[in-house]
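Trainee: A single structure is presented below for examination.
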Amino acid sequence: MPTSPHTLPGRIGLSLILSTYSCLVAVHSESVAADDRVSEGLQVLYEFRGEKGDIVDSSGVGTPINLSIRTADAVERGGGVLRLTGPAVIRSNKAPVRLTTAVRQSGALTFEVWLTPANNTQKGPARIVTLSRDSVRRNVTVGQDGNRFDVRLRTERTSENGLPSLSSPKQSARPTLTHVVYTRAADGQAVISIDGEPTERKKVAGSLRNWDQEFPLALADELSGERPWLGELHLVAIYSKALSAEQVRQNFEAGPAGKLSAELLAQRAREAAAQHFETAVAPILARNCLECHDAASRAGELNLATSAAAIKGGDGGPVIVPGRPEDSSLWLSVDSDAMPDDRPPLKDGEKAILKEWIAAGAVWSLREIDPAVYVHAPSDDHYVQRLTVDEYIQTVQQTLNVDISSQARRLLPPDLRADGFSNTAYNLNVDLKHIDAWSKLAAEIVSRMEVDVFVKRFSNRRKFTDKDMEDVILKTGRWVLRGPVTKQELFAYRGIMTTVAGAGGTHTEAMECVLEAMLQSPRFVYRIEQQRGGGTLRPSEFELASRLSYIIWGGPPDEKLLTAAAEGTLSRQLSAHVDRMLSDDRARQHSQRFLNDWLHLDRLNNLQPNGERYPDWSPELARDMQAETLAYFDEVIWQRSLPLSALMNTRMTLATQRLAQFYRLPQSAAEPSAETHAVAAHTDQRLQKYDLAGIPGRGGLLTQGSLLTVGGDDASMVTRGLLVMHELLRGVVNDPPPCVDTTPVPTRPGRTQRSIAMERISDARCGGCHGRFEPLAFGLEKFDGIGRYRSEDEHGNRLREDGEVLVPGTPAPVSYDTAGELMDLLAESDRVSQSLTWKVTQFAVGRPLAAADAAILDRIHRRATASGGTWTATLRAIVTSELVTGTRDSESL
């Protein structure tokens with residue numbers, strides 16, 4: 001695919017980008033003309049060159065299709081622009097039969113518009129270009145619906161009104177100069193491109209033979225006058241062919257008949273420079289410099305996290321001199337390998353990027369560099385993603401009403417954790433054990449089904465004719481495989497039925513074999529999407545249905561989702577479906593899976609503390625701790641509908657009698673409480689609610705045994721501090737050098753874990769990193785290795801719970817005196833709230849989040865926060881964002 005200005009920065013040097021744009025701008029007035037545009041298949045072209053008059057002249061082929069301006073007071077002309085300041089009637093005097101005939105014969109078309117909308121609130125859709133009779137009868141219409149462009153095309157398979165339509169992504173219709181192109185090929189493939197890049201794609205089936213040749217052509221409103229569009233039109237072109245992606249790009253680069261391209265290219269240059277900094281330069285600084293030179297560390301009084309601080313410099317003055325790398329101490333120290341200190345030097349390619357960036361003016365587009373954004377390199381979307389064991393179990397249960405959980409967990413290899421979760425797509429590998437297990441499970445599932453009853457839900461046909469077999473396969477397959485059955489699949493499944501029939505088998509036996517085959521199909525055990533090339537493309541309706549269901553429910557789409565997908569209404573009715581799904585108990589159950597996976601609660605199943613030091617420990621106590629955390633989450637998030645951040649400091653818990661005694665909770669703090677469905681299987685005792693308002697140290701996730709045990713027998717400040725840093729603050733520290741001895745240091749009389757930590761923090765070789773995370777665990781010092789609260793350790797050392805919290809990106813830590821104050825600081829921290837949004841989003845999309853996602857994540861977090869910051873608000877913001885409703889191809893990263 002052709003490379004766009006948006007993708008160049010990650011592929012070639014910044015200086016080449018800027019020089020290329022400069023050359024284009026310089027030669028613009030001589031080289032950009034109508035001849036640079038595609039002429040093949042052009043039927044009509046409006047360039048709006050006239051300065052006055054009520055006729056809009058056209059060029060193209062054959063008889064011109066001129067337009068009459070019927071409401072001159074609402075139209076301004078000049079400078080090659082037709083400006084619509086109010087409702088206007090601009091239409092052909094007679095039906096453009098030549099145009100309609102050419103499109104009907106080719107079965108393909110392209111509508112191209114250079115325009116500047118007056119605003120992004122026009123509804124209707126407001127008609128930009130239309131070939132129609134009125135608001136409900138049309139051949140084709142290009143319109144604007146809020147912050148999207150919308151195209152309705154009438155075929156023999158769509159409605160008379162051209163529905164379902166195809167819309168561009170949200171925020172694509174903005175009050176700036178924009179190039180909008182809609183192409184529809186003879187095979188039905190339709191694409192909307194914005195500024196030269198394809199953004200939406202789907203098949204609009206059916207021929208165009210039903211186009212009405214009597215419909216006139218109009219601009220800026222419907223013929224009946226109910227859908228006015230306001231803004232500026234710079235160019236309108238109509239072709240009787242579908243322009244290729246290269247041809248769309250060619251017309252975009254030619255500009256609106258040569259007008260304003262210099263301004264547009266300058267804008268692209270600025271965007272390219274900003275993207276180059278954010279995707280090429282900032283990662284180098286984040287990974288190699290900010291460990292010592294951020295707002296907190298400021299080694300040499302130098303902070304390289306912000307532009308002003310970097311240019312101002314530290315003890316030695318400015319370290320970045322825009323345009324002069326030879327005078328920039330940053331470049332000189334990197335070039336000589338003096339920096340990074342005690343770390344491997346930068347690679348030659350990284351050095352070249354920094355030097356070119358400084359030479360080109362050191363454009364700095366971020367307010368502050370956040371190292372957490374650059375932990376993971378950009379990755380492609382995963383179009384094939386194996387179902388996790390949990391997803392497989394839920395899919396079988398909800399699709400076939402068979403509980404296969406015990407057999408599946410016994411036969412299928414467990415899902416391994418990667419980047420903090422067990423549903424990380426790149427780590428969901430498949431081996432022969434999976435293949436063998438799926439085969440055995442398929443046979444077991446079908447043997448436990450009433451196949452005749454199941455099949456009757458979809459079809460009553462029982463004959464072995466092609467038509468009857470096709471009917472039952474297509475209808476049953478759509479449900480089992482979560483989308484339409486392809487022709488190849490139909491032939492394969494029909495072949496199975498034919499083979500069974502030829503051997504004298506019954507229809508029931510044939511369907512048993514078909515179902516076994518479907519249950520082993522890649523379509524069942526994977527989530528498969530069509531791979532698309534170029535730009536941001538929305539998934540198909542059925543793909544969107546699966547995305548929604550597996551993100552919100554952890555299982556397959558229900559009949560309502562599949563029906564909406566089949567009707568093409570799911571994406572347009574997205575909010576209503578999301579609200580319905582979030583109110584379903586499956587959403588609540590799936591949130592428990594997130595918590596279990598995020599906090600790795602299953603590790604408690606294998607936890608074996610030292611029996612001599614902790615004789616009270618037992619597997620039953622471990623299960624109680626897991627049940628406590630799950631029930632606490634359910635109470636805070638679902639029963640009370642509190643923000644996710646309230647998990648940090650809500651002063652209550654739910655515990656078994658055994659766990660309450662272990663915590664030494666007084667019976668006076670107990671409240672009557674019923675056992676909740678979500679955690680009943682995790683413990684053999686009833687859960688009771690406890691008010692922790694007057695209980696020292698307790699209250700919030702971090703004060704629960706399930707998390708405190710992460711510190712091991714010695715209640716390590718290192719592992720507890722890293723837990724807070726990584727899971728709640730999204731802090732980043734590099735791994736220790738290979739020569740460092742990481743063996744845990746034991747306590748002894750006069751030496752607590754805090755004093756051991758302070759020794760590391762005071763050591764110049766260690767303190768730069770350990771000072772970032774170990775103090776985060778100081779407030780948990782009074783909890784021993786299995787989560788029991790005490791004032792002295794086993795050696796009689798007095799323990800403390802005061803400390804400091806250093807939030808990444810802030811220059812100074814905030815002090816606290818008690819564990820409760822620490823929990824309150826975390827609950828009130830926007831960084832913690834953002835981190836929780838990131839964690840939920842990562843679990844939702846099944847992959848690590850990278851710099852390319854940061855802007856989207858920021859919008860998700862702001863939307864969720866504005867709606868209360870609850871689980872449902874966060875999920876709603878995620879599934880209605882570009883991460884779910886759009887697909888980013890690797891070319892756009």
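Ligands are numbered from 1 in the order shown, residues from 1 within each chain, and chains are lettered A, B, ... in the order they appear in the structure tokens.
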May I have all residues of segment 104-254 of chain A that DSSP, computed from the backbone, assigns to alpha helix (DSSP H), given as a ChimeraX atom specification?
Mentor: /A:104-106,245-254
Trainee: Which residues, written as a compact mmCIF listing (two decimals) with N, CA and C atoms, in the first residue's frame, have at least one atom at most 9 Å from segment 621-632 of chain A, with only C-alpha atoms counted and residues fewer than 4 positions away on the same chain left out?
Mentor:
# COMPACT_ATOMS: atom_id res chain seq x y z
N GLN A 592 -15.12 -10.39 37.51
CA GLN A 592 -14.41 -11.18 38.49
C GLN A 592 -13.21 -11.88 37.85
N LEU A 595 -10.41 -9.35 37.69
CA LEU A 595 -9.75 -9.16 38.98
C LEU A 595 -8.84 -10.34 39.30
N ASN A 596 -9.33 -11.55 39.09
CA ASN A 596 -8.55 -12.75 39.39
C ASN A 596 -7.27 -12.79 38.56
N LEU A 601 -4.64 -14.02 41.46
CA LEU A 601 -5.11 -14.64 42.70
C LEU A 601 -4.93 -16.15 42.69
N ASP A 602 -4.84 -16.74 41.51
CA ASP A 602 -4.67 -18.20 41.45
C ASP A 602 -3.34 -18.66 42.03
N LEU A 604 -2.38 -18.16 44.84
CA LEU A 604 -2.63 -18.60 46.21
C LEU A 604 -2.85 -20.11 46.29
N ASN A 605 -3.27 -20.71 45.18
CA ASN A 605 -3.51 -22.15 45.19
C ASN A 605 -2.22 -22.94 45.42
N LEU A 607 0.61 -21.48 46.99
CA LEU A 607 1.45 -20.77 47.96
C LEU A 607 1.74 -21.67 49.17
N ASP A 616 0.01 -21.15 61.15
CA ASP A 616 -1.43 -20.94 60.97
C ASP A 616 -1.86 -21.04 59.50
N TRP A 617 -0.90 -21.11 58.61
CA TRP A 617 -1.26 -21.12 57.19
C TRP A 617 -1.87 -22.46 56.79
N VAL A 636 -17.87 -3.50 46.23
CA VAL A 636 -17.50 -2.12 45.91
C VAL A 636 -17.97 -1.74 44.51
N ILE A 637 -17.73 -2.60 43.55
CA ILE A 637 -17.96 -2.26 42.14
C ILE A 637 -19.41 -2.46 41.73
N LEU A 647 -11.58 0.91 45.24
CA LEU A 647 -11.01 -0.36 45.67
C LEU A 647 -9.81 -0.16 46.58
N MET A 652 -14.18 -1.67 54.44
CA MET A 652 -14.99 -2.84 54.75
C MET A 652 -14.36 -4.04 54.07
N THR A 653 -14.79 -5.21 54.46
CA THR A 653 -14.38 -6.42 53.76
C THR A 653 -15.42 -7.49 53.99
N LEU A 654 -15.28 -8.60 53.28
CA LEU A 654 -16.12 -9.78 53.48
C LEU A 654 -15.19 -10.95 53.75
N ALA A 655 -15.37 -11.57 54.89
CA ALA A 655 -14.44 -12.62 55.29
C ALA A 655 -15.18 -13.79 55.90
N THR A 656 -14.57 -14.97 55.79
CA THR A 656 -15.08 -16.14 56.49
C THR A 656 -14.73 -16.01 57.97
N ARG A 658 -13.05 -18.09 59.64
CA ARG A 658 -11.64 -18.50 59.75
C ARG A 658 -10.71 -17.33 59.43
N LEU A 659 -11.01 -16.59 58.35
CA LEU A 659 -10.15 -15.46 57.97
C LEU A 659 -10.30 -14.31 58.95
N PHE A 662 -8.16 -15.00 61.82
CA PHE A 662 -6.76 -14.82 61.44
C PHE A 662 -6.40 -13.33 61.44
N GLU A 675 -23.82 -14.78 51.40
CA GLU A 675 -22.77 -15.22 50.49
C GLU A 675 -23.13 -14.80 49.06
N THR A 676 -22.16 -14.33 48.29
CA THR A 676 -22.44 -13.88 46.93
C THR A 676 -22.11 -14.98 45.93
N ALA A 678 -20.65 -14.93 43.14
CA ALA A 678 -19.39 -14.85 42.41
C ALA A 678 -18.25 -15.56 43.13
N VAL A 679 -18.35 -15.75 44.42
CA VAL A 679 -17.23 -16.30 45.17
C VAL A 679 -17.61 -17.54 45.96
N ALA A 680 -18.81 -18.02 45.80
CA ALA A 680 -19.27 -19.15 46.63
C ALA A 680 -18.39 -20.37 46.46
N ALA A 681 -17.83 -20.57 45.27
CA ALA A 681 -17.07 -21.78 45.01
C ALA A 681 -15.66 -21.73 45.58
N HIS A 682 -15.24 -20.58 46.07
CA HIS A 682 -13.85 -20.44 46.49
C HIS A 682 -13.61 -20.79 47.95
N THR A 683 -14.62 -20.98 48.74
CA THR A 683 -14.42 -21.27 50.16
C THR A 683 -15.55 -22.14 50.68
N ASP A 684 -15.27 -22.85 51.78
CA ASP A 684 -16.27 -23.74 52.36
C ASP A 684 -17.04 -23.07 53.49
N GLN A 685 -16.77 -21.80 53.75
CA GLN A 685 -17.45 -21.09 54.82
C GLN A 685 -18.21 -19.88 54.28
N LEU A 687 -19.40 -16.12 53.91
CA LEU A 687 -18.75 -14.82 54.01
C LEU A 687 -19.61 -13.86 54.80
N GLY A 700 -9.15 -1.74 52.11
CA GLY A 700 -8.60 -1.57 50.77
C GLY A 700 -7.88 -2.81 50.30
N LEU A 701 -7.74 -2.94 48.98
CA LEU A 701 -7.15 -4.13 48.38
C LEU A 701 -5.78 -4.46 48.95
N GLN A 704 -5.28 -6.66 52.12
CA GLN A 704 -5.86 -8.00 52.15
C GLN A 704 -4.77 -9.05 51.95
N GLY A 705 -4.93 -10.18 52.60
CA GLY A 705 -3.91 -11.23 52.56
C GLY A 705 -3.58 -11.70 51.17
N SER A 706 -4.54 -11.68 50.26
CA SER A 706 -4.29 -12.16 48.90
C SER A 706 -3.20 -11.37 48.21
N LEU A 707 -3.08 -10.07 48.52
CA LEU A 707 -2.04 -9.25 47.92
C LEU A 707 -0.80 -9.16 48.80
Trainee: Would you mind listing, for every residue of segment 661-745 of chain A within 12 Å of segment 358-377 of chain A, the two atoms forming the shortest contact and the distance between them in Å to one decimal, using only C-alpha atoms, sorted by chain and ascending residue number, as a Markdown table?
Mentor:
| residue | atom | partner | partner_atom | distance |
| --- | --- | --- | --- | --- |
| A:Met725 | CA | A:Ala372 | CA | 10.8 |
| A:His726 | CA | A:Ala372 | CA | 9.3 |
| A:Glu727 | CA | A:Ala372 | CA | 11.4 |
| A:Leu728 | CA | A:Ala372 | CA | 11.7 |
| A:Leu729 | CA | A:Ala372 | CA | 9.3 |
| A:Arg730 | CA | A:Ala372 | CA | 5.9 |
| A:Gly731 | CA | A:Ala372 | CA | 6.2 |
| A:Val732 | CA | A:Ala372 | CA | 6.0 |
| A:Val733 | CA | A:Pro371 | CA | 9.2 |
| A:Asn734 | CA | A:Val375 | CA | 10.2 |
Trainee: In terms of the shortest atom-to-atom distance over only C-alpha atoms, which of A:Leu235, A:Lys94, A:Ile128, A:Arg49 is closest to Val113 of chain A?
Mentor: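 Ranking A:Leu235, A:Lys94, A:Ile128, A:Arg49 by distance to Val113 of chain A, first place goes to A:Leu235.
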Trainee: Point out the residue among A:Asp585, A:Asp735, A:Asp212, A:Glu47 with the least atom-to-atom distance to Gly79 of chain A, counting only C-alpha atoms.
Mentor: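 For Gly79 of chain A, the nearest of the given residues is A:Glu47.
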Trainee: I need the residue nearest Gly767 of chain A from this list: A:Cys292, A:Leu67, A:Leu875, A:Ala95. Use only C-alpha atoms for the distance.
Mentor: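 Distance minimum relative to Gly767 of chain A lands on A:Cys292.
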Trainee: Kindly give the distance, in Å, that separates atom CA of Val97 of chain A and atom CA of Val44 of chain A, rounded to a single decimal.
Mentor: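 Between atom CA of Val97 of chain A and atom CA of Val44 of chain A the gap is 12.3 Å.
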Trainee: I'd like the contact shell of Gly750 of chain A - 9 Å cut-off, only C-alpha atoms, skipping same-chain residues fewer than 4 positions apart - returned as number ranges by chain.
Mentor: A: 755, 795-798
Trainee: Residues of the last selection are to be written out with N, CA, C and O atoms, as a compact mmCIF listing (two decimals), in the first residue's frame.
Mentor:
# COMPACT_ATOMS: atom_id res chain seq x y z
N SER A 755 14.68 -0.96 57.43
CA SER A 755 16.08 -0.54 57.53
C SER A 755 16.92 -1.16 56.41
O SER A 755 17.84 -0.53 55.88
N HIS A 795 11.51 -10.67 65.73
CA HIS A 795 12.71 -10.38 66.51
C HIS A 795 12.46 -9.32 67.57
O HIS A 795 13.40 -8.92 68.27
N GLY A 796 11.22 -8.88 67.70
CA GLY A 796 10.91 -7.84 68.66
C GLY A 796 11.17 -6.43 68.18
O GLY A 796 11.07 -5.47 68.96
N ASN A 797 11.50 -6.27 66.89
CA ASN A 797 11.72 -4.94 66.33
C ASN A 797 10.40 -4.19 66.20
O ASN A 797 9.41 -4.75 65.70
N ARG A 798 10.37 -2.95 66.62
CA ARG A 798 9.17 -2.13 66.46
C ARG A 798 8.98 -1.79 64.98
O ARG A 798 9.94 -1.44 64.28
Trainee: Counting only C-alpha atoms, what is within 9 Å of segment 385-387 of chain A, bar same-chain residues fewer than 6 positions away, as a list in words?
Mentor: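 Contacts, in chain order: Thr395, Asn423, Ala425, Tyr426, Leu428, Asn429, Val430, Pro522, Phe524, Val525, Tyr526, Arg527, Ile528, Glu529 and Gly846 of chain A.
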Trainee: Could you check which of A:Gly146, A:Gly162, A:Ala338, A:Thr279 is closest to Pro378 of chain A, using only C-alpha atoms?
Mentor: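 Of all the options, A:Thr279 lies closest to Pro378 of chain A.
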Trainee: Would you mind reading off the distance between atom CA of Tyr789 of chain A and atom CA of Thr709 of chain A, one decimal, in Å?
Mentor: 12.3 Å
Trainee: Counting only C-alpha atoms, what are the residues of segment 597-703 of chain A within 12 Å of segment 776-781 of chain A, and for each of them which pair of atoms is the nearest and at what distance in Å, to one decimal? Sort the table by chain and rising number, as CSV.
Mentor:
residue,atom,partner,partner_atom,distance
A:Pro696,CA,A:Leu780,CA,11.6
A:Gly697,CA,A:Leu780,CA,8.2
A:Arg698,CA,A:Leu780,CA,10.1
A:Gly699,CA,A:Leu780,CA,11.8
A:Gly700,CA,A:Leu780,CA,11.8
A:Leu701,CA,A:Leu780,CA,11.8
A:Leu702,CA,A:Leu780,CA,8.2
A:Thr703,CA,A:Leu780,CA,7.5
Trainee: What does the file look like for those residues with all heavy atoms, as an mmCIF file, in the first residue's frame?
Mentor:
data_model
loop_
_atom_site.group_PDB
_atom_site.id
_atom_site.type_symbol
_atom_site.label_atom_id
_atom_site.label_comp_id
_atom_site.auth_asym_id
_atom_site.auth_seq_id
_atom_site.Cartn_x
_atom_site.Cartn_y
_atom_site.Cartn_z
ATOM 1 N N PRO A 696 -7.289 -0.866 62.895
ATOM 2 C CA PRO A 696 -5.996 -0.341 62.440
ATOM 3 C C PRO A 696 -5.453 -1.130 61.254
ATOM 4 O O PRO A 696 -5.451 -2.362 61.249
ATOM 5 C CB PRO A 696 -5.095 -0.506 63.672
ATOM 6 C CG PRO A 696 -6.025 -0.609 64.831
ATOM 7 C CD PRO A 696 -7.248 -1.287 64.306
ATOM 8 N N GLY A 697 -5.000 -0.390 60.249
ATOM 9 C CA GLY A 697 -4.304 -1.005 59.123
ATOM 10 C C GLY A 697 -5.184 -1.584 58.045
ATOM 11 O O GLY A 697 -4.765 -1.656 56.882
ATOM 12 N N ARG A 698 -6.383 -2.015 58.344
ATOM 13 C CA ARG A 698 -7.211 -2.718 57.367
ATOM 14 C C ARG A 698 -8.097 -1.742 56.590
ATOM 15 O O ARG A 698 -8.542 -0.731 57.129
ATOM 16 C CB ARG A 698 -8.094 -3.756 58.048
ATOM 17 C CG ARG A 698 -7.352 -4.870 58.763
ATOM 18 C CD ARG A 698 -6.729 -5.848 57.802
ATOM 19 N NE ARG A 698 -5.966 -6.871 58.533
ATOM 20 C CZ ARG A 698 -5.175 -7.770 57.956
ATOM 21 N NH1 ARG A 698 -5.021 -7.765 56.644
ATOM 22 N NH2 ARG A 698 -4.518 -8.651 58.690
ATOM 23 N N GLY A 699 -8.372 -2.123 55.346
ATOM 24 C CA GLY A 699 -9.276 -1.347 54.507
ATOM 25 C C GLY A 699 -8.666 -1.065 53.150
ATOM 26 O O GLY A 699 -7.740 -0.261 53.041
ATOM 27 N N GLY A 700 -9.149 -1.744 52.114
ATOM 28 C CA GLY A 700 -8.603 -1.569 50.775
ATOM 29 C C GLY A 700 -7.880 -2.810 50.297
ATOM 30 O O GLY A 700 -7.444 -3.657 51.089
ATOM 31 N N LEU A 701 -7.744 -2.938 48.976
ATOM 32 C CA LEU A 701 -7.150 -4.133 48.385
ATOM 33 C C LEU A 701 -5.780 -4.456 48.949
ATOM 34 O O LEU A 701 -5.464 -5.618 49.244
ATOM 35 C CB LEU A 701 -7.024 -3.954 46.866
ATOM 36 C CG LEU A 701 -8.231 -4.278 45.986
ATOM 37 C CD1 LEU A 701 -7.892 -4.023 44.543
ATOM 38 C CD2 LEU A 701 -8.666 -5.733 46.188
ATOM 39 N N LEU A 702 -4.920 -3.454 49.111
ATOM 40 C CA LEU A 702 -3.543 -3.701 49.500
ATOM 41 C C LEU A 702 -3.405 -4.231 50.917
ATOM 42 O O LEU A 702 -2.346 -4.719 51.295
ATOM 43 C CB LEU A 702 -2.706 -2.429 49.349
ATOM 44 C CG LEU A 702 -2.444 -1.955 47.921
ATOM 45 C CD1 LEU A 702 -1.639 -0.670 47.921
ATOM 46 C CD2 LEU A 702 -1.720 -3.027 47.118
ATOM 47 N N THR A 703 -4.467 -4.133 51.714
ATOM 48 C CA THR A 703 -4.395 -4.625 53.102
ATOM 49 C C THR A 703 -5.002 -6.009 53.244
ATOM 50 O O THR A 703 -5.206 -6.479 54.361
ATOM 51 C CB THR A 703 -5.104 -3.648 54.056
ATOM 52 O OG1 THR A 703 -6.518 -3.660 53.801
ATOM 53 C CG2 THR A 703 -4.571 -2.238 53.882
#
Trainee: Between atom CA of Leu285 of chain A and atom CA of Ser307 of chain A, what is the distance, to one decimal in Å?
Mentor: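 Result for atom CA of Leu285 of chain A versus atom CA of Ser307 of chain A: 11.8 Å, one decimal.
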Trainee: Leaving out Ser815 of chain A and any residue of its chain fewer than 2 positions from it, which residues lie within 8 Å of it when counting only C-alpha atoms, given as a list in words?
Mentor: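 Answer for this query is Asp802, Gly803, Glu804, Val805, Pro813 and Asp817 of chain A.
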Trainee: Can you pull out the residues contacting Phe48 of chain A? Cut-off 7 Å, using only C-alpha atoms, and skip same-chain residues under 2 positions away; I want them as JSON, numbers by chain.
Mentor: {"A": [46, 50, 56, 80, 81, 82, 234, 235]}
Trainee: Using only C-alpha atoms, which of A:Tyr663, A:Trp871, A:Trp438, A:Trp838 sits nearest Ala855 of chain A?
Mentor: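 Looking only at the distances to Ala855 of chain A, the closest residue turns out to be A:Trp838.
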Trainee: Given only C-alpha atoms as the basis, pick out the residue of A:Gln842, A:Thr874, A:Asn460, A:Ser167 nearest to Ala418 of chain A.
Mentor: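 With only C-alpha atoms as the atom set, the closest residue is A:Gln842.
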Trainee: Just want the 7 Å neighbourhood of Asp597 of chain A, counted on only C-alpha atoms, with same-chain residues fewer than 4 positions away dropped. Output as JSON, numbers by chain.
Mentor: {"A": [421, 422, 593, 601]}
